[in-house]
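Participant: To be precise about what I am sending: the file is called target-v4.txt and holds compact mmCIF, C-alpha atoms.
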```txt
# COMPACT_ATOMS: atom_id res chain seq x y z
CA MET J 1 13.16 11.31 59.85
CA ALA J 2 15.26 9.21 57.59
CA PRO J 3 15.74 10.54 54.11
CA SER J 4 13.50 8.89 51.56
CA ARG J 5 15.16 6.72 48.84
CA LYS J 6 14.47 7.49 45.28
CA THR J 7 12.66 4.53 43.80
CA GLU J 8 13.87 3.39 40.35
CA PRO J 9 11.11 2.97 37.84
CA GLU J 10 10.14 -0.67 37.23
CA THR J 11 10.60 -0.36 33.47
CA SER J 12 14.22 0.68 33.91
CA LYS J 13 14.98 -2.40 36.01
CA LYS J 14 13.48 -4.69 33.40
CA GLY J 15 15.44 -3.00 30.65
CA ARG J 16 18.76 -3.49 32.42
CA THR J 17 17.94 -7.13 33.20
CA SER J 18 17.04 -7.79 29.59
CA SER J 19 20.30 -6.24 28.44
CA LYS J 20 22.29 -8.42 30.81
CA LEU J 21 20.55 -11.52 29.45
CA PHE J 22 20.86 -10.43 25.85
CA VAL J 23 24.66 -10.04 25.91
CA PRO J 24 25.42 -13.68 26.92
CA ALA J 25 22.81 -14.89 24.45
CA CYS J 26 24.55 -12.98 21.66
CA TYR J 27 27.90 -14.49 22.62
CA SER J 28 26.38 -18.00 22.65
CA PHE J 29 24.74 -17.53 19.27
CA GLY J 30 27.92 -16.06 17.82
CA PHE J 31 30.00 -18.93 19.16
CA LEU J 32 27.61 -21.50 17.66
CA LEU J 33 27.64 -19.66 14.35
CA VAL J 34 31.45 -19.63 14.26
CA CYS J 35 31.51 -23.36 15.09
CA LEU J 36 29.01 -24.08 12.32
CA ILE J 37 31.01 -22.09 9.77
CA ALA J 38 34.23 -23.82 10.85
CA PHE J 39 32.54 -27.21 10.58
CA LEU J 40 31.28 -26.49 7.05
CA LEU J 41 34.66 -25.12 5.96
CA GLN J 42 36.33 -28.24 7.32
CA ILE J 43 33.94 -30.47 5.36
CA VAL J 44 34.15 -28.52 2.11
CA TYR J 45 37.82 -27.52 1.92
CA PHE J 46 39.20 -30.82 3.22
CA SER J 47 36.70 -32.93 1.31
CA PRO J 48 38.00 -36.03 -0.56
CA ILE J 49 35.75 -35.16 -3.50
CA SER J 50 35.27 -32.27 -5.93
CA PRO J 51 31.60 -32.89 -6.73
CA VAL J 52 29.43 -31.82 -9.62
CA LEU J 53 25.65 -31.85 -9.80
CA ASP J 54 24.33 -34.04 -12.57
CA GLU J 55 21.02 -35.08 -14.02
CA VAL J 56 19.72 -38.39 -12.71
CA PRO J 57 18.10 -40.63 -15.36
CA GLN J 58 14.55 -41.80 -14.86
CA PRO J 59 14.49 -45.62 -14.54
CA ALA J 60 12.10 -47.42 -16.84
CA VAL J 61 8.99 -49.03 -15.36
CA LEU J 62 8.57 -52.44 -16.99
CA SER J 63 6.17 -55.34 -16.79
CA ALA J 64 7.96 -58.12 -14.95
CA THR J 65 7.97 -61.88 -14.62
CA GLN J 66 8.46 -63.19 -11.10
CA LEU J 67 11.11 -65.85 -10.59
CA GLN J 68 9.66 -69.34 -10.13
CA ASP J 69 10.90 -72.93 -9.83
CA PHE J 70 14.00 -71.61 -8.15
CA ILE J 71 16.84 -73.99 -7.25
CA LYS J 72 19.72 -73.24 -4.87
CA VAL J 73 22.83 -74.87 -6.31
CA GLY J 74 25.44 -75.84 -3.73
CA GLU J 75 23.91 -73.98 -0.80
CA GLY J 76 26.53 -73.35 1.87
CA SER J 77 29.49 -74.18 -0.37
CA VAL J 78 30.18 -70.83 -2.08
CA ASN J 79 31.14 -67.73 -0.13
CA HIS J 80 29.60 -64.62 -1.73
CA PRO J 81 30.54 -65.09 -5.41
CA GLU J 82 30.22 -62.15 -7.83
CA ASP J 83 30.28 -63.75 -11.28
CA ALA J 84 30.41 -67.07 -13.14
CA SER J 85 31.68 -68.35 -16.47
CA MET J 86 31.44 -71.53 -18.53
CA ASP J 87 34.45 -72.99 -20.34
CA LYS J 88 34.56 -74.63 -23.78
CA ASN J 89 33.83 -78.02 -22.18
CA GLY J 90 30.63 -76.82 -20.51
CA VAL J 91 32.09 -76.61 -16.99
CA ILE J 92 30.87 -73.65 -14.89
CA TYR J 93 33.30 -71.77 -12.65
CA THR J 94 32.94 -69.10 -10.01
CA ALA J 95 35.28 -67.12 -7.75
CA THR J 96 34.35 -66.64 -4.12
CA ARG J 97 35.04 -63.97 -1.55
CA ASP J 98 37.32 -66.29 0.43
CA GLY J 99 39.66 -66.77 -2.55
CA TRP J 100 38.51 -70.15 -3.84
CA ILE J 101 37.97 -70.80 -7.54
CA LYS J 102 35.27 -73.45 -7.68
CA ARG J 103 33.81 -75.50 -10.49
CA LEU J 104 30.47 -77.24 -10.71
CA GLN J 105 30.64 -81.03 -10.87
CA ASP J 106 27.47 -83.15 -10.70
CA GLY J 107 25.57 -80.34 -9.00
CA THR J 108 28.28 -79.74 -6.38
CA TRP J 109 30.75 -76.87 -6.16
CA VAL J 110 34.26 -78.30 -5.87
CA ASN J 111 37.38 -76.38 -4.81
CA TRP J 112 39.75 -76.08 -7.77
CA LYS J 113 42.38 -73.37 -7.22
CA PHE J 114 43.05 -70.84 -4.47
CA ILE J 115 44.03 -67.17 -4.75
CA ASP J 116 45.06 -65.35 -1.60
CA SER J 117 42.60 -62.52 -2.13
CA GLN J 118 39.20 -61.44 -0.89
CA THR J 119 38.50 -59.10 -3.81
CA LEU J 120 37.84 -61.46 -6.73
CA VAL J 121 35.02 -60.29 -9.00
CA GLY J 122 34.37 -60.72 -12.76
CA LEU J 123 35.81 -63.66 -14.71
CA THR J 124 35.85 -65.19 -18.18
CA SER J 125 36.90 -68.46 -19.79
CA THR J 126 39.44 -68.45 -22.60
CA LYS J 127 39.69 -70.53 -25.76
CA GLU J 128 42.83 -72.14 -24.29
CA GLY J 129 40.84 -73.42 -21.31
CA HIS J 130 42.12 -70.90 -18.76
CA LEU J 131 40.18 -68.58 -16.51
CA ILE J 132 40.90 -64.86 -16.37
CA ILE J 133 39.77 -63.30 -13.10
CA CYS J 134 39.55 -59.64 -12.15
CA ASP J 135 40.87 -58.77 -8.71
CA ASN J 136 39.80 -55.36 -7.39
CA ALA J 137 43.09 -54.99 -5.54
CA ASN J 138 45.61 -56.89 -7.67
CA GLY J 139 44.70 -56.65 -11.36
CA LEU J 140 44.16 -59.75 -13.52
CA HIS J 141 44.90 -63.40 -12.70
CA LYS J 142 45.21 -66.32 -15.10
CA VAL J 143 44.11 -69.63 -13.58
CA SER J 144 44.85 -72.99 -15.16
CA GLU J 145 45.63 -76.56 -14.17
CA ASP J 146 49.24 -75.41 -13.76
CA GLY J 147 48.33 -72.84 -11.09
CA VAL J 148 47.68 -69.12 -10.71
CA GLU J 149 49.55 -66.26 -12.38
CA ASN J 150 49.00 -62.59 -11.59
CA PHE J 151 49.95 -61.54 -15.13
CA LEU J 152 48.69 -57.97 -15.18
CA SER J 153 49.06 -55.77 -12.12
CA TYR J 154 50.48 -52.56 -13.66
CA VAL J 155 49.40 -50.49 -16.66
CA ASN J 156 51.84 -47.89 -17.98
CA GLY J 157 53.76 -47.96 -14.71
CA SER J 158 50.68 -47.44 -12.52
CA LYS J 159 49.14 -50.03 -10.22
CA LEU J 160 46.04 -51.60 -11.78
CA ARG J 161 43.27 -51.09 -9.26
CA PHE J 162 39.54 -51.61 -9.39
CA ALA J 163 39.53 -54.00 -12.36
CA ASN J 164 35.93 -55.20 -12.42
CA ASP J 165 35.04 -57.46 -15.36
CA VAL J 166 36.77 -59.07 -18.35
CA VAL J 167 35.91 -60.81 -21.62
CA GLU J 168 38.09 -62.55 -24.21
CA ALA J 169 37.86 -61.88 -27.97
CA SER J 170 38.41 -64.62 -30.54
CA ASP J 171 41.96 -63.34 -31.23
CA GLY J 172 42.89 -63.80 -27.57
CA SER J 173 42.72 -60.12 -26.68
CA LEU J 174 41.15 -59.24 -23.34
CA TYR J 175 38.76 -56.34 -22.85
CA PHE J 176 38.33 -55.34 -19.24
CA THR J 177 36.84 -52.52 -17.20
CA VAL J 178 38.30 -50.34 -14.49
CA SER J 179 35.37 -48.98 -12.49
CA SER J 180 37.18 -45.90 -11.25
CA SER J 181 40.67 -44.64 -12.05
CA LYS J 182 40.52 -42.26 -9.08
CA TYR J 183 38.98 -44.15 -6.18
CA LEU J 184 39.64 -47.55 -4.59
CA PRO J 185 36.95 -50.25 -4.34
CA HIS J 186 36.10 -49.42 -0.72
CA GLU J 187 35.71 -45.78 -1.79
CA TYR J 188 32.97 -46.49 -4.34
CA CYS J 189 30.68 -44.12 -2.42
CA LEU J 190 33.08 -41.25 -3.19
CA ASP J 191 32.84 -42.11 -6.88
CA ILE J 192 29.05 -41.79 -6.69
CA LEU J 193 29.24 -38.57 -4.70
CA GLU J 194 31.77 -36.85 -6.93
CA GLY J 195 29.60 -37.55 -9.95
CA LYS J 196 32.39 -37.55 -12.52
CA PRO J 197 33.19 -40.26 -15.10
CA HIS J 198 36.35 -42.03 -13.92
CA GLY J 199 35.59 -45.44 -15.49
CA GLN J 200 37.68 -46.99 -18.27
CA LEU J 201 37.63 -49.75 -20.88
CA LEU J 202 41.05 -51.27 -21.60
CA LYS J 203 42.46 -53.92 -23.92
CA TYR J 204 45.27 -56.36 -23.19
CA ASP J 205 47.11 -57.92 -26.14
CA PRO J 206 48.77 -61.18 -24.99
CA SER J 207 50.98 -61.38 -28.10
CA SER J 208 52.71 -58.07 -27.32
CA ASN J 209 51.96 -57.93 -23.59
CA ILE J 210 50.71 -54.37 -24.12
CA THR J 211 47.65 -52.82 -22.48
CA THR J 212 45.94 -49.88 -24.16
CA LEU J 213 43.10 -47.56 -23.21
CA VAL J 214 40.14 -48.18 -25.52
CA ALA J 215 37.68 -45.64 -24.07
CA ASP J 216 37.13 -43.67 -20.89
CA GLY J 217 34.55 -41.29 -19.46
CA PHE J 218 32.31 -43.99 -17.94
CA TYR J 219 30.28 -43.37 -14.79
CA PHE J 220 31.48 -46.49 -12.93
CA ALA J 221 32.38 -48.96 -15.68
CA ASN J 222 31.13 -52.35 -14.55
CA GLY J 223 30.28 -55.43 -16.63
CA VAL J 224 31.66 -55.94 -20.13
CA ALA J 225 30.62 -58.25 -22.99
CA LEU J 226 31.33 -58.70 -26.68
CA SER J 227 28.55 -59.00 -29.24
CA ARG J 228 28.06 -62.33 -30.99
CA ASP J 229 29.93 -61.11 -34.09
CA GLU J 230 32.43 -59.13 -32.02
CA ASP J 231 31.61 -55.98 -33.93
CA TYR J 232 31.12 -54.04 -30.69
CA VAL J 233 31.77 -54.34 -26.98
CA VAL J 234 29.19 -53.35 -24.36
CA VAL J 235 30.11 -51.65 -21.08
CA CYS J 236 27.66 -51.34 -18.18
CA GLU J 237 27.66 -47.83 -16.72
CA SER J 238 26.16 -48.29 -13.26
CA TRP J 239 25.64 -44.74 -11.96
CA LYS J 240 23.90 -43.69 -15.19
CA PHE J 241 21.46 -46.64 -15.40
CA ARG J 242 22.69 -47.40 -18.91
CA CYS J 243 25.02 -49.46 -21.10
CA ARG J 244 27.18 -48.10 -23.90
CA LYS J 245 28.79 -49.88 -26.83
CA TYR J 246 32.14 -49.24 -28.46
CA TRP J 247 32.32 -50.22 -32.11
CA LEU J 248 35.24 -52.49 -33.03
CA LYS J 249 34.40 -53.03 -36.70
CA GLY J 250 32.60 -51.43 -39.61
CA GLU J 251 31.92 -47.83 -40.55
CA ARG J 252 31.39 -46.79 -36.94
CA LYS J 253 34.61 -48.35 -35.69
CA GLY J 254 36.07 -46.36 -32.79
CA LYS J 255 32.77 -44.68 -31.89
CA LEU J 256 31.10 -44.87 -28.49
CA GLU J 257 27.30 -44.96 -28.52
CA THR J 258 24.40 -45.65 -26.19
CA PHE J 259 23.34 -49.31 -26.21
CA ALA J 260 20.53 -49.28 -23.62
CA GLU J 261 19.46 -46.45 -21.31
CA ASN J 262 16.93 -45.66 -18.58
CA LEU J 263 17.36 -49.18 -17.25
CA PRO J 264 15.23 -50.12 -14.19
CA GLY J 265 18.29 -49.90 -11.94
CA ALA J 266 22.09 -49.87 -11.97
CA PRO J 267 23.52 -52.45 -14.41
CA ASP J 268 26.18 -54.72 -12.93
CA ASN J 269 27.58 -57.67 -14.91
CA ILE J 270 26.54 -58.49 -18.47
CA ASN J 271 26.90 -61.85 -20.24
CA LEU J 272 26.26 -62.92 -23.81
CA ALA J 273 23.44 -65.46 -24.17
CA PRO J 274 23.53 -68.37 -26.68
CA ASP J 275 21.06 -66.58 -28.98
CA GLY J 276 23.14 -63.39 -29.20
CA THR J 277 21.12 -61.42 -26.65
CA PHE J 278 22.54 -60.27 -23.31
CA TRP J 279 21.68 -60.94 -19.67
CA ILE J 280 22.27 -57.95 -17.40
CA ALA J 281 22.07 -58.04 -13.62
CA ILE J 282 20.29 -55.00 -12.18
CA ILE J 283 21.13 -53.54 -8.77
CA LYS J 284 18.50 -51.49 -6.97
CA LEU J 285 19.60 -47.86 -6.66
CA ASP J 286 16.90 -45.40 -5.56
CA ALA J 287 16.68 -42.73 -8.28
CA ARG J 288 14.70 -40.39 -6.00
CA ARG J 289 17.47 -40.34 -3.44
CA MET J 290 20.03 -39.93 -6.19
CA LYS J 291 18.12 -36.82 -7.26
CA VAL J 292 18.26 -35.45 -3.72
CA LEU J 293 21.97 -36.21 -3.70
CA ASN J 294 22.41 -34.21 -6.89
CA SER J 295 20.50 -31.21 -5.60
CA SER J 296 23.32 -29.87 -3.41
CA LYS J 297 27.11 -30.04 -3.36
CA LEU J 298 27.00 -29.49 0.40
CA ILE J 299 24.97 -32.68 0.84
CA LYS J 300 27.62 -34.54 -1.14
CA HIS J 301 30.46 -33.09 0.96
CA VAL J 302 28.70 -34.02 4.23
CA LEU J 303 28.06 -37.60 3.08
CA ALA J 304 31.66 -37.89 1.84
CA ALA J 305 32.85 -36.92 5.33
CA TYR J 306 30.55 -39.48 6.97
CA PRO J 307 30.47 -42.71 4.90
CA LYS J 308 28.18 -44.48 7.39
CA LEU J 309 25.62 -41.75 6.82
CA PHE J 310 25.97 -42.31 3.08
CA SER J 311 25.30 -46.05 3.44
CA ARG J 312 22.07 -45.23 5.27
CA PHE J 313 21.01 -42.71 2.65
CA ILE J 314 21.97 -44.68 -0.49
CA THR J 315 21.39 -48.42 -0.29
CA LEU J 316 22.48 -50.88 -2.97
CA GLY J 317 20.99 -54.29 -3.53
CA GLY J 318 17.32 -55.21 -3.52
CA GLY J 319 15.68 -58.42 -4.65
CA ALA J 320 16.99 -60.46 -7.58
CA HIS J 321 16.58 -58.59 -10.86
CA LEU J 322 17.83 -59.54 -14.33
CA ILE J 323 16.93 -58.26 -17.76
CA ASN J 324 17.40 -59.88 -21.15
CA VAL J 325 18.39 -57.32 -23.79
CA ALA J 326 18.31 -57.80 -27.56
CA GLU J 327 21.23 -56.96 -29.85
CA ASP J 328 19.66 -53.57 -30.58
CA GLY J 329 19.39 -52.72 -26.86
CA THR J 330 15.68 -53.45 -26.48
CA ILE J 331 14.63 -55.08 -23.21
CA ILE J 332 12.77 -58.31 -24.04
CA ARG J 333 12.56 -60.01 -20.62
CA ASN J 334 12.45 -58.68 -17.09
CA LEU J 335 12.87 -61.26 -14.31
CA VAL J 336 12.42 -60.18 -10.69
CA ASP J 337 12.13 -61.36 -7.13
CA PRO J 338 10.98 -58.01 -5.72
CA THR J 339 11.04 -58.98 -2.04
CA GLY J 340 14.32 -60.91 -2.17
CA GLN J 341 12.59 -63.95 -0.73
CA LEU J 342 14.40 -66.30 -3.12
CA MET J 343 17.57 -64.31 -3.72
CA SER J 344 18.81 -60.74 -3.33
CA PHE J 345 21.57 -58.51 -4.74
CA VAL J 346 22.12 -60.54 -7.92
CA THR J 347 25.31 -59.31 -9.60
CA SER J 348 25.47 -61.61 -12.63
CA GLY J 349 23.36 -63.91 -14.80
CA LEU J 350 24.78 -66.72 -16.93
CA GLN J 351 22.59 -68.64 -19.38
CA VAL J 352 23.50 -72.26 -20.04
CA ASP J 353 21.13 -73.99 -22.48
CA ASP J 354 17.64 -73.28 -21.13
CA HIS J 355 18.72 -72.42 -17.60
CA LEU J 356 19.80 -69.14 -16.06
CA TYR J 357 22.36 -69.19 -13.26
CA MET J 358 22.19 -66.21 -10.89
CA ILE J 359 25.15 -65.10 -8.80
CA SER J 360 24.99 -62.87 -5.74
CA LEU J 361 27.56 -61.18 -3.51
CA THR J 362 25.32 -61.77 -0.50
CA SER J 363 24.57 -65.48 -0.99
CA ASN J 364 26.21 -68.78 -0.13
CA PHE J 365 24.69 -70.51 -3.15
CA ILE J 366 24.10 -69.88 -6.86
CA GLY J 367 20.50 -69.68 -8.04
CA LYS J 368 19.14 -71.54 -11.04
CA VAL J 369 15.86 -71.15 -12.93
CA GLN J 370 14.49 -72.69 -16.10
CA LEU J 371 13.75 -70.10 -18.78
CA SER J 372 11.19 -71.94 -20.91
```
Now that the file is in, can you turn its structure into structure tokens?
Facilitator:
Amino acid sequence: MAPSRKTEPETSKKGRTSSKLFVPACYSFGFLLVCLIAFLLQIVYFSPISPVLDEVPQPAVLSATQLQDFIKVGEGSVNHPEDASMDKNGVIYTATRDGWIKRLQDGTWVNWKFIDSQTLVGLTSTKEGHLIICDNANGLHKVSEDGVENFLSYVNGSKLRFANDVVEASDGSLYFTVSSSKYLPHEYCLDILEGKPHGQLLKYDPSSNITTLVADGFYFANGVALSRDEDYVVVCESWKFRCRKYWLKGERKGKLETFAENLPGAPDNINLAPDGTFWIAIIKLDARRMKVLNSSKLIKHVLAAYPKLFSRFITLGGGAHLINVAEDGTIIRNLVDPTGQLMSFVTSGLQVDDHLYMISLTSNFIGKVQLS
């Protein structure tokens, strides 16, 4: 008779099988954990930003007037303009994304001068009849019948980058904004994500050819405008949904104060109206998503590493939106096209007599509405 084999208990077999399965599972989990930690370390320690978490302002909810009797001026003849200005003779100018400086003649936009640049933004007319144009990449240009001069491309030995808007004072001085002293125009998302105030207001004195820093600490300094009496200058601070004013005269000279806050979106360009009020273009920026953004530094680091993900999470633009603000900062008119059916992403509003011209980076025309 063959010797009988000792049968192993069933529970013992199951235990050994479970142990064999558990060991590879532990290795797999450990490997994934190490990869995750390495990924996070890579994002955080090699991040292009050093972010801070900040409080996001609550945008005001205002009664609005919908845009009506809308006219498209020169449709198809302007390539994504950002701003417009009127000279002392009543001629309106704009600078387009393809480098052309155009002026409006009998309802038609006519090519005037050409600048070999695709980064032309804010502009102003001077008392001498010139145009001063901000170039995100190349500083400030002076444009006249004689041609184009890039007269300011360095400040204190450093390349002038991200100049955004400019206005001339009655003494010929130029006040202009630099949106970010740290990041380049195509890195604007990093400026948002870092959450620190890198914006500046500067002054150029043509008589001495000297540029000085007037004020800094702006969260993306954007549009700039002088008050009617030139006793203060207003700077739009996009990421904070507010505008601040710097006093140039009087007892408060040299002080920086809030001009208008809790605006219904991010303020872009600002222009003085004939009655001493201001027109401010408002860009849609979702405050709820900005709050999510400011809830975690890790979220900011991840979005900084993947800019395409950022552009999906934070969208700029929206339908046309302009506000008219009194000299004391009170909002007195709120014009909107909420669906963008007429015009979207309006970056500037220029009042001429009883008409408001609206300029957009995403349009091939300039909008016009009657205000009365």
Participant: Between J:Thr119, J:Lys291, J:Ile314, J:Ala320, which has the minimum distance to Asp337 in chain J (counting only C-alpha atoms)?
Facilitator: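 Closest to Asp337 in chain J of all the choices is J:Ala320.
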Participant: Applying 10 Å and only C-alpha atoms, which residues near Thr339 in chain J remain after dropping the ones on its own chain fewer than 2 positions away? List them as a ChimeraX atom specification.
Facilitator: /J:318-320,336-337,341-344
Participant: Calculate how many Å separate CA of Ala169 in chain J from CA of Gln200 in chain J, rounding to one decimal.
Facilitator: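 Those two atoms sit 17.8 Å apart.
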Participant: Could you check which of J:Asp98, J:Phe151, J:Asp69, J:Phe220 is closest to His355 in chain J, using all atoms listed in the file?
Facilitator: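 For His355 in chain J, the nearest of the given residues is J:Asp69.
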Participant: Identify, on the basis of only C-alpha atoms, every residue whose closest approach to range 79-89 of chain J does not exceed 9 Å; exclude the query and any residue fewer than 4 positions from it along the same chain; express the result as a VMD selection string.
Facilitator: chain J and resid 93 to 100 120 to 131 165 269 271 346 to 350 352 357 to 366
Participant: Interatomic distance between CA of Leu256 in chain J and CA of Ile49 in chain J?
Facilitator: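 Result for CA of Leu256 in chain J versus CA of Ile49 in chain J: 27.2 Å, one decimal.
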Participant: In Å, with one decimal, what is the gap from CA of Ser181 in chain J to CA of Ile323 in chain J?
Facilitator: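 CA of Ile323 in chain J lies at a distance of 28.0 Å from CA of Ser181 in chain J.
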Participant: Which is closest to Gly276 in chain J among J:Val325, J:Val178, J:Cys189, J:Val224, if we use all atoms listed in the file?
Facilitator: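 Selected residue with least distance to Gly276 in chain J: J:Val325.
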Participant: Would you kindly identify which residues have an atom no farther than 9 Å from (25.2, -63.9, -23.4), using only C-alpha atoms and the file's own coordinates, and write them out as a ChimeraX atom specification?
Facilitator: /J:225-228,270-280,349-351
Participant: With only C-alpha atoms counted, which protein, DNA or RNA residues have an atom no more than 8 Å from (48.0, -61.9, -8.1) in the file frame? Please answer as a PyMOL selection string.
Facilitator: chain J and resi 115-116+135+138-141+148-151+153
Participant: Taking all atoms listed in the file into account, which of J:His321, J:Asp106, J:Leu190, J:Ala304 comes nearest Arg333 in chain J?
Facilitator: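 Result for the nearest residue to Arg333 in chain J: J:His321.
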Participant: Find the residue from J:Phe114, J:Lys297, J:Asp286, J:Asp231 that sits nearest to Lys253 in chain J; use only C-alpha atoms when measuring.
Facilitator: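 Comparing J:Phe114, J:Lys297, J:Asp286, J:Asp231 against Lys253 in chain J, the winner is J:Asp231.
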